[in-house]
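Pasted below: my_file30.cif, mmCIF, C-alpha atoms.
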data_work
loop_
_atom_site.label_atom_id
_atom_site.label_comp_id
_atom_site.auth_asym_id
_atom_site.auth_seq_id
_atom_site.Cartn_x
_atom_site.Cartn_y
_atom_site.Cartn_z
CA SER A 224 -53.27 -13.54 -44.31
CA VAL A 225 -52.62 -11.20 -41.40
CA LEU A 226 -51.53 -8.46 -43.81
CA SER A 227 -54.63 -9.08 -45.93
CA ARG A 228 -56.93 -8.64 -42.93
CA TYR A 229 -55.03 -5.48 -41.95
CA GLU A 230 -55.51 -4.03 -45.44
CA ASN A 231 -59.19 -5.00 -45.43
CA GLN A 232 -59.67 -3.25 -42.11
CA ILE A 233 -58.10 -0.08 -43.49
CA THR A 234 -60.45 -0.26 -46.48
CA ILE A 235 -63.49 -0.60 -44.23
CA LEU A 236 -62.39 2.25 -42.00
CA SER A 237 -61.74 4.42 -45.04
CA ASP A 238 -65.46 4.45 -45.77
CA TYR A 239 -65.93 6.84 -42.87
CA LEU A 240 -63.15 9.27 -43.69
CA GLU A 241 -65.38 11.82 -45.38
CA GLU A 242 -66.69 12.79 -41.96
CA PHE A 243 -63.30 14.38 -41.26
CA PRO A 244 -62.67 17.64 -43.12
CA GLU A 245 -59.77 17.98 -45.52
CA THR A 246 -57.35 20.05 -43.48
CA ASP A 247 -53.67 20.52 -42.79
CA GLU A 248 -54.35 20.88 -39.08
CA PRO A 249 -53.05 17.97 -36.96
CA VAL A 250 -55.38 15.69 -35.06
CA TRP A 251 -54.36 14.88 -31.52
CA ILE A 252 -55.47 11.59 -29.94
CA LEU A 253 -54.32 10.85 -26.38
CA GLY A 254 -50.86 12.28 -26.79
CA ARG A 255 -50.33 11.18 -30.40
CA GLN A 256 -50.35 13.49 -33.39
CA HIS A 257 -51.92 12.42 -36.70
CA HIS A 258 -52.20 14.11 -40.06
CA LEU A 259 -55.41 13.57 -42.01
CA LYS A 260 -53.92 14.15 -45.43
CA ALA A 261 -50.87 11.98 -44.86
CA ASP A 262 -52.33 8.96 -43.07
CA LYS A 263 -56.03 8.96 -42.27
CA SER A 264 -56.20 5.19 -41.87
CA LYS A 265 -53.57 5.25 -39.11
CA LEU A 266 -55.66 7.83 -37.24
CA LEU A 267 -58.81 5.72 -37.38
CA LEU A 268 -56.95 2.58 -36.37
CA ASP A 269 -55.64 4.43 -33.35
CA ILE A 270 -59.15 5.51 -32.39
CA SER A 271 -60.69 2.06 -32.92
CA ALA A 272 -58.06 0.51 -30.65
CA ARG A 273 -59.50 2.32 -27.62
CA LEU A 274 -61.80 0.18 -25.52
CA TRP A 275 -65.37 1.36 -26.04
CA PHE A 276 -67.90 0.77 -23.28
CA THR A 277 -71.57 1.44 -23.89
CA TYR A 278 -74.93 0.83 -22.29
CA ARG A 279 -75.64 -2.88 -21.91
CA ARG A 280 -78.79 -4.89 -21.29
CA LYS A 281 -79.61 -8.36 -19.97
CA PHE A 282 -76.87 -8.49 -17.34
CA SER A 283 -77.60 -9.88 -13.86
CA PRO A 284 -79.63 -7.40 -11.76
CA ILE A 285 -77.44 -5.00 -9.81
CA GLY A 286 -77.60 -5.87 -6.12
CA GLY A 287 -79.75 -8.90 -6.95
CA THR A 288 -82.98 -6.94 -7.41
CA GLY A 289 -81.83 -3.78 -9.19
CA PRO A 290 -81.71 -2.85 -12.88
CA SER A 291 -80.42 -5.30 -15.48
CA SER A 292 -79.59 -2.51 -17.93
CA ASP A 293 -77.85 0.84 -17.48
CA ALA A 294 -79.50 2.47 -20.51
CA GLY A 295 -80.44 6.04 -19.68
CA TRP A 296 -78.32 6.43 -16.56
CA GLY A 297 -74.94 4.71 -16.91
CA CYS A 298 -73.22 6.87 -19.53
CA MET A 299 -70.79 8.61 -17.16
CA LEU A 300 -69.96 5.29 -15.51
CA ARG A 301 -69.16 3.88 -18.96
CA CYS A 302 -66.96 6.90 -19.71
CA GLY A 303 -65.13 6.34 -16.44
CA GLN A 304 -64.59 2.73 -17.46
CA MET A 305 -63.15 3.88 -20.80
CA MET A 306 -60.67 6.25 -19.16
CA LEU A 307 -59.56 3.60 -16.68
CA ALA A 308 -59.31 0.96 -19.41
CA GLN A 309 -57.02 3.25 -21.38
CA ALA A 310 -54.78 3.53 -18.31
CA LEU A 311 -54.66 -0.27 -18.03
CA ILE A 312 -53.86 -0.62 -21.73
CA CYS A 313 -50.95 1.80 -21.28
CA ARG A 314 -49.84 -0.04 -18.17
CA HIS A 315 -49.75 -3.55 -19.64
CA LEU A 316 -49.62 -3.16 -23.44
CA GLY A 317 -48.26 0.35 -24.02
CA ARG A 318 -49.77 3.40 -25.68
CA ASP A 319 -48.73 2.23 -29.14
CA TRP A 320 -50.55 -1.10 -28.90
CA GLN A 321 -53.06 -1.49 -31.72
CA TRP A 322 -56.18 -3.61 -31.92
CA GLU A 323 -56.97 -5.54 -35.06
CA LYS A 324 -60.26 -7.26 -35.75
CA HIS A 325 -60.01 -11.08 -35.49
CA LYS A 326 -56.34 -10.88 -34.51
CA LYS A 327 -55.24 -12.94 -31.52
CA GLN A 328 -54.53 -10.62 -28.61
CA PRO A 329 -52.27 -11.17 -25.59
CA GLU A 330 -53.65 -12.57 -22.36
CA GLU A 331 -53.21 -9.19 -20.67
CA TYR A 332 -55.69 -7.68 -23.11
CA HIS A 333 -58.41 -10.21 -22.27
CA ARG A 334 -57.64 -9.85 -18.59
CA ILE A 335 -58.14 -6.09 -18.88
CA LEU A 336 -61.48 -6.65 -20.63
CA ARG A 337 -62.59 -9.07 -17.91
CA CYS A 338 -62.14 -6.31 -15.32
CA PHE A 339 -65.04 -4.43 -16.94
CA LEU A 340 -67.54 -7.16 -17.81
CA ASP A 341 -71.06 -6.58 -16.47
CA ARG A 342 -70.79 -9.04 -13.59
CA LYS A 343 -70.75 -8.41 -9.87
CA ASP A 344 -67.43 -10.27 -9.48
CA CYS A 345 -65.54 -8.04 -11.96
CA CYS A 346 -63.69 -5.28 -10.15
CA TYR A 347 -64.75 -2.37 -12.41
CA SER A 348 -68.14 -3.66 -13.56
CA ILE A 349 -71.25 -1.52 -13.76
CA HIS A 350 -72.38 -3.46 -10.66
CA GLN A 351 -69.36 -2.49 -8.59
CA MET A 352 -69.39 1.13 -9.75
CA ALA A 353 -73.10 1.63 -9.15
CA GLN A 354 -72.97 0.08 -5.68
CA MET A 355 -69.84 1.98 -4.68
CA GLY A 356 -71.62 5.14 -5.84
CA VAL A 357 -74.14 4.66 -3.06
CA GLY A 358 -71.37 5.62 -0.65
CA GLU A 359 -70.97 8.84 -2.66
CA GLY A 360 -74.64 9.70 -2.23
CA LYS A 361 -75.85 8.29 -5.55
CA SER A 362 -78.71 5.82 -5.69
CA ILE A 363 -78.37 2.88 -8.05
CA GLY A 364 -79.74 4.06 -11.37
CA GLU A 365 -78.91 7.71 -10.69
CA TRP A 366 -76.72 9.70 -13.07
CA PHE A 367 -73.13 10.37 -11.98
CA GLY A 368 -71.02 13.47 -12.53
CA PRO A 369 -67.31 13.38 -13.43
CA ASN A 370 -66.11 13.85 -9.85
CA THR A 371 -68.36 11.08 -8.51
CA VAL A 372 -67.00 8.63 -11.08
CA ALA A 373 -63.45 9.64 -10.14
CA GLN A 374 -64.13 9.00 -6.44
CA VAL A 375 -65.69 5.61 -7.21
CA LEU A 376 -62.72 4.53 -9.32
CA LYS A 377 -60.32 5.63 -6.58
CA LYS A 378 -62.08 3.38 -4.07
CA LEU A 379 -62.52 0.36 -6.34
CA ALA A 380 -58.85 0.46 -7.37
CA LEU A 381 -57.90 -0.42 -3.80
CA PHE A 382 -59.42 -3.88 -4.29
CA ASP A 383 -57.59 -4.47 -7.58
CA GLU A 384 -54.50 -6.52 -6.81
CA TRP A 385 -53.42 -7.18 -10.36
CA ASN A 386 -53.18 -3.62 -11.66
CA SER A 387 -52.13 -2.09 -8.32
CA LEU A 388 -52.86 1.48 -9.38
CA ALA A 389 -52.47 4.56 -7.22
CA VAL A 390 -55.49 6.72 -8.03
CA TYR A 391 -55.19 10.39 -7.10
CA VAL A 392 -58.22 12.66 -7.46
CA SER A 393 -57.30 16.31 -7.05
CA MET A 394 -59.14 18.62 -4.65
CA ASP A 395 -60.00 22.28 -5.15
CA ASN A 396 -58.40 22.39 -8.63
CA THR A 397 -55.02 21.67 -7.02
CA VAL A 398 -52.55 18.85 -7.72
CA VAL A 399 -50.06 18.35 -4.88
CA ILE A 400 -46.77 16.77 -5.99
CA GLU A 401 -45.74 15.82 -2.44
CA ASP A 402 -48.97 13.91 -1.83
CA ILE A 403 -48.78 12.02 -5.11
CA LYS A 404 -45.21 10.89 -4.47
CA LYS A 405 -46.14 9.82 -0.95
CA MET A 406 -49.00 7.73 -2.37
CA CYS A 407 -47.10 6.20 -5.30
CA TRP A 408 -43.89 5.19 -3.58
CA CYS A 409 -44.07 1.73 -2.02
CA PRO A 410 -40.92 1.24 0.08
CA PRO A 411 -39.46 -2.26 0.59
CA GLN A 412 -40.22 -4.08 3.83
CA SER A 413 -36.99 -2.82 5.40
CA SER A 414 -38.09 0.81 5.28
CA SER A 415 -37.87 2.97 8.39
CA ALA A 416 -40.36 2.50 11.19
CA ALA A 417 -41.59 6.02 10.66
CA HIS A 418 -42.99 5.04 7.29
CA SER A 419 -43.71 1.34 7.72
CA SER A 420 -47.05 1.79 9.49
CA ALA A 421 -48.34 4.20 6.87
CA HIS A 422 -47.47 1.78 4.08
CA LEU A 423 -48.62 -1.49 5.68
CA HIS A 424 -52.17 -1.22 4.42
CA ARG A 425 -51.01 -0.25 0.95
CA SER A 426 -48.66 -3.19 0.77
CA ALA A 427 -51.52 -5.53 1.64
CA LEU A 428 -53.75 -4.02 -1.01
CA GLY A 429 -51.07 -3.55 -3.65
CA ARG A 430 -49.54 -7.02 -3.74
CA ASN A 431 -50.20 -9.16 -6.78
CA LYS A 432 -49.70 -12.89 -6.26
CA ASN A 433 -49.72 -13.61 -9.99
CA THR A 434 -47.45 -11.36 -12.01
CA ALA A 435 -46.49 -8.03 -10.52
CA GLY A 436 -45.30 -9.18 -7.11
CA PHE A 437 -44.86 -6.90 -4.11
CA CYS A 438 -44.63 -3.28 -5.12
CA ALA A 439 -41.27 -1.97 -3.89
CA GLY A 440 -41.16 1.10 -6.08
CA TRP A 441 -43.40 3.47 -7.95
CA LYS A 442 -47.05 2.40 -8.20
CA PRO A 443 -48.47 3.36 -11.60
CA LEU A 444 -50.46 6.56 -11.20
CA LEU A 445 -53.93 7.33 -12.48
CA LEU A 446 -54.32 11.07 -11.97
CA ILE A 447 -57.83 12.52 -12.30
CA ILE A 448 -58.43 16.27 -12.09
CA PRO A 449 -62.12 17.27 -11.76
CA LEU A 450 -62.62 20.85 -12.94
CA ARG A 451 -65.26 23.49 -13.40
CA LEU A 452 -64.23 25.53 -16.45
CA GLY A 453 -66.95 28.15 -16.20
CA ILE A 454 -70.38 28.72 -14.68
CA ASN A 455 -73.03 27.82 -17.23
CA HIS A 456 -70.75 27.59 -20.26
CA ILE A 457 -67.07 26.87 -20.72
CA ASN A 458 -64.97 30.02 -20.37
CA PRO A 459 -63.01 30.58 -23.61
CA VAL A 460 -59.91 31.49 -21.59
CA TYR A 461 -59.47 27.78 -20.74
CA ILE A 462 -59.71 26.37 -24.25
CA ASP A 463 -56.04 26.46 -25.23
CA ALA A 464 -54.93 24.89 -21.96
CA PHE A 465 -57.67 22.23 -22.23
CA LYS A 466 -56.47 21.28 -25.71
CA GLU A 467 -52.85 21.13 -24.53
CA CYS A 468 -53.79 18.32 -22.16
CA PHE A 469 -54.63 16.02 -25.10
CA LYS A 470 -51.12 16.59 -26.49
CA MET A 471 -49.37 15.28 -23.41
CA PRO A 472 -47.99 11.73 -23.73
CA GLN A 473 -49.59 10.92 -20.36
CA SER A 474 -53.07 11.93 -21.57
CA LEU A 475 -56.08 9.72 -20.84
CA GLY A 476 -58.48 12.29 -22.28
CA ALA A 477 -61.37 13.81 -20.37
CA LEU A 478 -64.78 12.92 -18.95
CA GLY A 479 -67.57 15.36 -19.62
CA GLY A 480 -70.21 16.23 -22.17
CA LYS A 481 -73.51 17.96 -21.68
CA PRO A 482 -75.92 17.89 -18.70
CA ASN A 483 -76.91 14.23 -18.11
CA ASN A 484 -75.17 13.25 -21.35
CA ALA A 485 -71.62 11.98 -20.83
CA TYR A 486 -68.90 11.44 -23.42
CA TYR A 487 -65.29 10.23 -23.29
CA PHE A 488 -63.15 12.84 -25.02
CA ILE A 489 -59.96 11.43 -26.54
CA GLY A 490 -58.62 14.27 -28.69
CA PHE A 491 -59.29 17.29 -30.83
CA LEU A 492 -59.09 18.74 -34.32
CA GLY A 493 -59.01 22.53 -34.41
CA ASN A 494 -61.78 23.70 -32.11
CA GLU A 495 -63.66 20.41 -32.22
CA LEU A 496 -63.36 17.67 -29.61
CA ILE A 497 -63.25 14.02 -30.68
CA TYR A 498 -65.10 11.61 -28.40
CA LEU A 499 -66.38 8.09 -27.93
CA ASP A 500 -70.10 7.95 -27.26
CA PRO A 501 -71.48 5.37 -24.79
CA HIS A 502 -75.11 5.97 -25.82
CA THR A 503 -75.56 2.71 -27.71
CA THR A 504 -77.31 -0.19 -25.98
CA GLN A 505 -75.72 -3.58 -26.63
CA SER A 506 -76.34 -7.02 -25.13
CA PHE A 507 -74.33 -8.34 -22.22
CA VAL A 508 -71.14 -10.16 -23.21
CA ASP A 509 -69.48 -12.69 -20.91
CA SER A 510 -66.06 -14.31 -21.12
CA GLU A 511 -65.55 -17.67 -22.80
CA GLU A 512 -64.51 -20.80 -20.91
CA ASN A 513 -60.89 -20.22 -21.89
CA GLY A 514 -60.97 -16.70 -20.46
CA THR A 515 -61.07 -14.83 -23.77
CA VAL A 516 -63.75 -12.26 -24.53
CA ASP A 517 -65.58 -11.76 -27.81
CA ASP A 518 -64.37 -8.20 -28.19
CA GLN A 519 -66.08 -7.01 -31.38
CA SER A 520 -68.58 -4.87 -29.48
CA PHE A 521 -65.87 -3.29 -27.31
CA HIS A 522 -64.27 -1.32 -30.15
CA CYS A 523 -65.97 1.49 -32.04
CA GLN A 524 -65.38 0.68 -35.71
CA GLN A 525 -66.96 3.75 -37.22
CA ALA A 526 -65.91 7.36 -37.46
CA PRO A 527 -65.83 9.02 -34.04
CA HIS A 528 -68.13 11.84 -33.05
CA ARG A 529 -67.02 15.45 -32.85
CA MET A 530 -68.41 18.50 -31.09
CA LYS A 531 -67.37 22.13 -30.78
CA ILE A 532 -65.41 22.82 -27.62
CA MET A 533 -67.67 25.77 -26.78
CA ASN A 534 -70.63 23.36 -26.54
CA LEU A 535 -68.91 21.45 -23.74
CA ASP A 536 -70.46 21.53 -20.28
CA PRO A 537 -67.97 23.27 -17.94
CA SER A 538 -67.91 20.31 -15.52
CA VAL A 539 -65.14 17.96 -16.70
CA ALA A 540 -62.46 15.63 -15.36
CA LEU A 541 -59.03 15.33 -16.96
CA GLY A 542 -57.18 12.01 -16.81
CA PHE A 543 -53.46 11.21 -16.98
CA PHE A 544 -51.43 8.03 -16.55
CA CYS A 545 -47.85 7.93 -15.28
CA LYS A 546 -46.40 4.43 -15.30
CA GLU A 547 -43.04 5.51 -13.86
CA GLU A 548 -41.97 8.39 -11.66
CA CYS A 549 -40.14 9.94 -14.60
CA ASP A 550 -43.47 10.08 -16.47
CA PHE A 551 -44.97 12.06 -13.60
CA ASP A 552 -41.95 14.38 -13.41
CA ASN A 553 -42.25 14.95 -17.15
CA TRP A 554 -45.96 15.68 -16.77
CA CYS A 555 -45.22 18.25 -14.06
CA SER A 556 -42.73 19.96 -16.37
CA LEU A 557 -45.25 20.04 -19.22
CA VAL A 558 -47.91 21.49 -16.94
CA GLN A 559 -45.55 24.24 -15.79
CA LYS A 560 -44.59 25.00 -19.38
CA GLU A 561 -47.88 24.65 -21.24
CA ILE A 562 -50.73 24.99 -18.72
CA LEU A 563 -49.46 27.40 -16.08
CA LYS A 564 -47.63 29.77 -18.44
CA GLN A 565 -50.83 31.81 -18.68
CA GLN A 566 -50.87 34.47 -15.99
CA SER A 567 -54.63 34.91 -16.30
CA LEU A 568 -57.14 32.31 -15.11
CA ARG A 569 -55.45 28.95 -14.59
CA MET A 570 -57.28 25.74 -15.31
CA PHE A 571 -55.76 24.13 -12.22
CA GLU A 572 -52.81 24.61 -9.87
CA LEU A 573 -49.73 22.41 -9.43
CA VAL A 574 -48.00 22.86 -6.08
CA GLN A 575 -44.98 21.15 -4.56
CA LYS A 576 -46.04 20.99 -0.90
CA HIS A 577 -49.27 19.98 0.80
CA PRO A 578 -51.20 23.17 1.65
CA PRO A 579 -50.86 23.78 5.42
CA HIS A 580 -54.53 24.72 5.81
CA TRP A 581 -55.69 21.39 4.35
CA PRO A 582 -56.25 18.30 6.50
CA PRO A 583 -53.19 16.00 6.56
CA PHE A 584 -52.84 13.80 3.50
CA ILE A 585 -53.30 10.12 4.29
CA PRO A 586 -52.80 7.75 1.33
CA PRO A 587 -56.11 5.93 0.78
CA THR A 588 -56.51 2.42 2.05
CA LYS A 589 -59.76 0.48 2.06
CA PRO A 590 -62.92 2.38 1.04
CA GLU A 591 -65.23 3.24 3.87
CA VAL A 592 -68.49 1.34 3.65
CA THR A 593 -71.18 3.92 4.34
CA THR A 594 -74.13 2.00 2.92
CA THR A 595 -76.20 -0.84 4.28
CA GLY A 596 -75.94 -4.26 2.76
CA ALA A 597 -72.95 -6.57 2.79
CA GLU A 598 -73.10 -6.84 -0.96
CA LEU A 599 -71.38 -3.48 -1.55
CA ILE A 600 -68.17 -5.15 -2.63
CA GLU A 601 -69.03 -8.72 -3.51
CA SER A 602 -66.09 -9.82 -5.56
CA THR A 603 -63.88 -12.79 -6.13
CA ASP A 604 -62.36 -15.00 -3.47
CA LYS A 605 -59.23 -12.87 -3.76
CA LEU A 606 -61.11 -9.81 -2.62
CA PHE A 607 -62.51 -11.59 0.44
CA GLU A 608 -59.02 -12.86 1.17
CA LEU A 609 -57.72 -9.32 0.78
CA GLU A 610 -60.29 -7.98 3.25
CA GLU A 611 -59.31 -10.61 5.81
CA GLU A 612 -55.65 -9.74 5.36
CA PHE A 613 -56.45 -6.09 5.86
CA GLU A 614 -58.36 -6.80 9.07
CA ILE A 615 -55.44 -8.80 10.46
CA LEU A 616 -53.04 -5.94 9.71
CA SER A 617 -55.42 -3.47 11.30
CA VAL A 618 -55.53 -5.28 14.64
#
How does the structure come out when it is put into structure tokens?
Amino acid sequence: SVLSRYENQITILSDYLEEFPETDEPVWILGRQHHLKADKSKLLLDISARLWFTYRRKFSPIGGTGPSSDAGWGCMLRCGQMMLAQALICRHLGRDWQWEKHKKQPEEYHRILRCFLDRKDCCYSIHQMAQMGVGEGKSIGEWFGPNTVAQVLKKLALFDEWNSLAVYVSMDNTVVIEDIKKMCWCPPQSSSAAHSSAHLHRSALGRNKNTAGFCAGWKPLLLIIPLRLGINHINPVYIDAFKECFKMPQSLGALGGKPNNAYYFIGFLGNELIYLDPHTTQSFVDSEENGTVDDQSFHCQQAPHRMKIMNLDPSVALGFFCKEECDFDNWCSLVQKEILKQQSLRMFELVQKHPPHWPPFIPPTKPEVTTTGAELIESTDKLFELEEEFEILSV
């Protein structure tokens, strides 16, 4: 019966194949290569497995009195959720995990979904992202840009015990290897006194009482690189390097789109980008009593959208996930080989040492609360417990 459902799904997906041109060119989706003529159904199954977050309505008002729908303003927040969700899928289920309609999924999958439900007690909900955005100068209901979403995710991740991600958002188009390794390495408790103070706060925030345990090694890395690839339009000199990023096995795609119109780009075919579109308004979905989530509306089961790369707004943010240190080292090698080989304009820089003219790099701890209202991070009992633990360590 499982095989029958799998074949039925392929048949349904095949109805949308005519939207892809008949071509020998490969399609790249988040580090995986597909061939349209050889196996179109495998390509569409790979795309439909990505978690798809869209506008929602009828959720509890943000902040108690705010909007109960994000239609018209939440598209970049939803795209940020999609990029982060892809990182969590890679972290817990692996890049090759596939979703199948009506198939029982592992508990980790439902736990990932619960992180993004439209409730104030879910760590990456629209509520948490919108309220954390206030600290970035964005009013609730105001449109975000790629960099703002990246900064919000970096702060919210510090409250997420289970996934224990290290989120690095590059500055000035520069990725600093030394800083990333300082942030991702969690030494055991017996580490030298010179480093113990710097890592105390991280150990408090990174511990997972349920499954992962104390992090005494490499914290999985979510690397986000906000870029400006031109002034009013994307500069053609960046196109080849931009496409190369989707080929990397660490790829989480890119956030971007058009002014006030955000998309989550997951791959390309020729000079066309393939993206998931959040501009569909669906009703709020909550978890069941047993913790599972009715996930039908969280997977796009129709042919994905495409747009010409030259129509892309130049403001974008690239995403990469490195579960182990070797993944990051491999990414650095690929960047040196494929991105920085051009001696003309570089899309971004990769440097070994922290630039001496920059302020000292301090691995992030708890987000600074710069807004009024104690509801900024109203989360589960674990989060309140985590804050208390942090305060004790800070004394």
Explicit residue set for the PyMOL selection byres ((chain A and resi 466) around 10), as a ChimeraX atom specification: /A:251,461-465,467-471,476,490-496,532,562
What are the closest atom pairs, with distances in Å to one decimal, for all residues of range 323-347 of chain A lying within 12 Å of range 360-382 of chain A? Consider all atoms listed in the file, order rows by chain and residue number, and present the result as JSON lines.
{"residue": "A:Cys338", "atom": "CA", "partner": "A:Ala380", "partner_atom": "CA", "distance": 10.9}
{"residue": "A:Phe339", "atom": "CA", "partner": "A:Leu379", "partner_atom": "CA", "distance": 11.9}
{"residue": "A:Asp344", "atom": "CA", "partner": "A:Phe382", "partner_atom": "CA", "distance": 11.5}
{"residue": "A:Cys345", "atom": "CA", "partner": "A:Leu379", "partner_atom": "CA", "distance": 10.5}
{"residue": "A:Cys346", "atom": "CA", "partner": "A:Leu379", "partner_atom": "CA", "distance": 6.9}
{"residue": "A:Tyr347", "atom": "CA", "partner": "A:Leu379", "partner_atom": "CA", "distance": 7.0}
Close residues, Leu446 in chain A itself excluded, 9 Å, all atoms listed in the file, min 5 positions apart in chain, as a list in words: Ala389, Val390, Tyr391, Val392, Ser393, Ile403, Leu541, Gly542, Phe543, Phe544 and Cys545 of chain A
Once you have the residues from the selection above, write them out as a PDB file, keeping the file's coordinate frame, restricted to C-alpha atoms.
ATOM      1  CA  ALA A 389     -52.470   4.560  -7.220  1.00  0.00           C
ATOM      2  CA  VAL A 390     -55.490   6.720  -8.030  1.00  0.00           C
ATOM      3  CA  TYR A 391     -55.190  10.390  -7.100  1.00  0.00           C
ATOM      4  CA  VAL A 392     -58.220  12.660  -7.460  1.00  0.00           C
ATOM      5  CA  SER A 393     -57.300  16.310  -7.050  1.00  0.00           C
ATOM      6  CA  ILE A 403     -48.780  12.020  -5.110  1.00  0.00           C
ATOM      7  CA  LEU A 541     -59.030  15.330 -16.960  1.00  0.00           C
ATOM      8  CA  GLY A 542     -57.180  12.010 -16.810  1.00  0.00           C
ATOM      9  CA  PHE A 543     -53.460  11.210 -16.980  1.00  0.00           C
ATOM     10  CA  PHE A 544     -51.430   8.030 -16.550  1.00  0.00           C
ATOM     11  CA  CYS A 545     -47.850   7.930 -15.280  1.00  0.00           C
TER      12      CYS A 545
END
Residues matched by the PyMOL selection byres ((chain A and resi 319) around 12), written as a VMD selection string: chain A and resid 252 to 255 265 268 to 270 272 to 273 309 312 to 318 320 to 322 472
Point-to-point distance in Å for CA of Val539 in chain A and CA of Thr588 in chain A: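 So the answer is 25.8 Å.
When CA of Cys549 in chain A is paired with CA of Leu311 in chain A, their separation reads 18.1 Å.
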Selection near Met570 in chain A, 12 Å with all atoms listed in the file, sequence-local residues under 3 positions removed, as an MDAnalysis selection string: chainID A and resid 395:398 448:453 457:468 537:541 558:559 561:567 573
Residue members of the PyMOL selection byres ((chain A and resi 480) around 9) in the file shown, as a list in words: Leu478, Gly479, Lys481, Pro482, Asn483, Asn484, Ala485, Tyr486, Tyr487, Phe488, Asn534, Leu535, Asp536, Pro537, Ser538 and Val539 of chain A
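Our summary of the geometry notes that CA of Ser506 in chain A is positioned 21.8 Å from CA of Glu323 in chain A.
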Shell of 10 Å around range 579-585 of chain A, all atoms listed in the file, local chain residues under 5 positions omitted, as a list in words: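 The neighbour list is Val399, Glu401, Asp402, Ile403, Lys405, Met406 and Ala421 of chain A.
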Within 9 Å of file point (-70.1, -3.4, -20.5), counting all atoms listed in the file, expressed as a PyMOL selection string: chain A and resi 275-280+301+304+339-342+348-349+505-508+521
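Of the listed residues A:Ile335, A:Phe282, A:Glu330, A:Ile489, the one whose atoms come nearest to Gln256 in chain A is A:Ile489, with distances taken using only C-alpha atoms.
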Mind working out the centre and edge lengths of an axis-aligned box for range 362-370 of chain A, all listed atoms inside, 3 Å added to each side, rounded to one decimal in Å and written as lines of an AutoDock Vina configuration file?
center_x = -72.9
center_y = 8.4
center_z = -9.6
size_x = 19.6
size_y = 17.0
size_z = 13.7
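The closest residue to Pro501 in chain A, picked from A:Leu266, A:Val574, A:Cys298, A:Ala477 and counting all atoms listed in the file, is A:Cys298.
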Distance criterion (only C-alpha atoms): nearest to Val250 in chain A out of A:Lys442, A:Arg569, A:Arg529, A:His577: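 Comparing A:Lys442, A:Arg569, A:Arg529, A:His577 against Val250 in chain A, the winner is A:Arg529.
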Counting all atoms listed in the file, the option among A:Ser387, A:Leu300, A:Pro587, A:Cys407 closest to Met355 in chain A: A:Leu300
Best match for closeness to Gln524 in chain A among A:Leu274, A:Ala294, A:Ala261, A:Leu336, counting all atoms listed in the file: A:Leu274
Starting from the incomplete input, reconstruct N, CA, C and O atoms of range 324-332 of chain A and write that as a PDB file, in the frame of the given file.
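Resulting contents of out-v5.pdb:
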ATOM      1  N   LYS A 324     -59.117  -6.356 -35.744  1.00  0.00           N
ATOM      2  CA  LYS A 324     -60.260  -7.260 -35.750  1.00  0.00           C
ATOM      3  C   LYS A 324     -59.823  -8.680 -36.103  1.00  0.00           C
ATOM      4  O   LYS A 324     -59.078  -8.894 -37.059  1.00  0.00           O
ATOM      5  N   HIS A 325     -60.272  -9.648 -35.299  1.00  0.00           N
ATOM      6  CA  HIS A 325     -60.010 -11.080 -35.490  1.00  0.00           C
ATOM      7  C   HIS A 325     -58.563 -11.478 -35.210  1.00  0.00           C
ATOM      8  O   HIS A 325     -58.197 -12.638 -35.381  1.00  0.00           O
ATOM      9  N   LYS A 326     -57.733 -10.535 -34.801  1.00  0.00           N
ATOM     10  CA  LYS A 326     -56.340 -10.880 -34.510  1.00  0.00           C
ATOM     11  C   LYS A 326     -56.237 -11.372 -33.071  1.00  0.00           C
ATOM     12  O   LYS A 326     -56.858 -10.825 -32.166  1.00  0.00           O
ATOM     13  N   LYS A 327     -55.445 -12.414 -32.872  1.00  0.00           N
ATOM     14  CA  LYS A 327     -55.240 -12.940 -31.520  1.00  0.00           C
ATOM     15  C   LYS A 327     -54.534 -11.883 -30.676  1.00  0.00           C
ATOM     16  O   LYS A 327     -53.525 -11.318 -31.089  1.00  0.00           O
ATOM     17  N   GLN A 328     -55.083 -11.639 -29.493  1.00  0.00           N
ATOM     18  CA  GLN A 328     -54.530 -10.620 -28.610  1.00  0.00           C
ATOM     19  C   GLN A 328     -53.875 -11.282 -27.390  1.00  0.00           C
ATOM     20  O   GLN A 328     -54.207 -12.413 -27.029  1.00  0.00           O
ATOM     21  N   PRO A 329     -52.939 -10.589 -26.763  1.00  0.00           N
ATOM     22  CA  PRO A 329     -52.270 -11.170 -25.590  1.00  0.00           C
ATOM     23  C   PRO A 329     -53.227 -11.383 -24.430  1.00  0.00           C
ATOM     24  O   PRO A 329     -54.286 -10.762 -24.355  1.00  0.00           O
ATOM     25  N   GLU A 330     -52.825 -12.262 -23.520  1.00  0.00           N
ATOM     26  CA  GLU A 330     -53.650 -12.570 -22.360  1.00  0.00           C
ATOM     27  C   GLU A 330     -53.953 -11.327 -21.541  1.00  0.00           C
ATOM     28  O   GLU A 330     -55.055 -11.179 -21.000  1.00  0.00           O
ATOM     29  N   GLU A 331     -52.983 -10.399 -21.448  1.00  0.00           N
ATOM     30  CA  GLU A 331     -53.210  -9.190 -20.670  1.00  0.00           C
ATOM     31  C   GLU A 331     -54.407  -8.400 -21.193  1.00  0.00           C
ATOM     32  O   GLU A 331     -55.161  -7.807 -20.417  1.00  0.00           O
ATOM     33  N   TYR A 332     -54.575  -8.400 -22.502  1.00  0.00           N
ATOM     34  CA  TYR A 332     -55.690  -7.680 -23.110  1.00  0.00           C
ATOM     35  C   TYR A 332     -57.029  -8.254 -22.644  1.00  0.00           C
ATOM     36  O   TYR A 332     -57.939  -7.521 -22.232  1.00  0.00           O
TER      37      TYR A 332
END
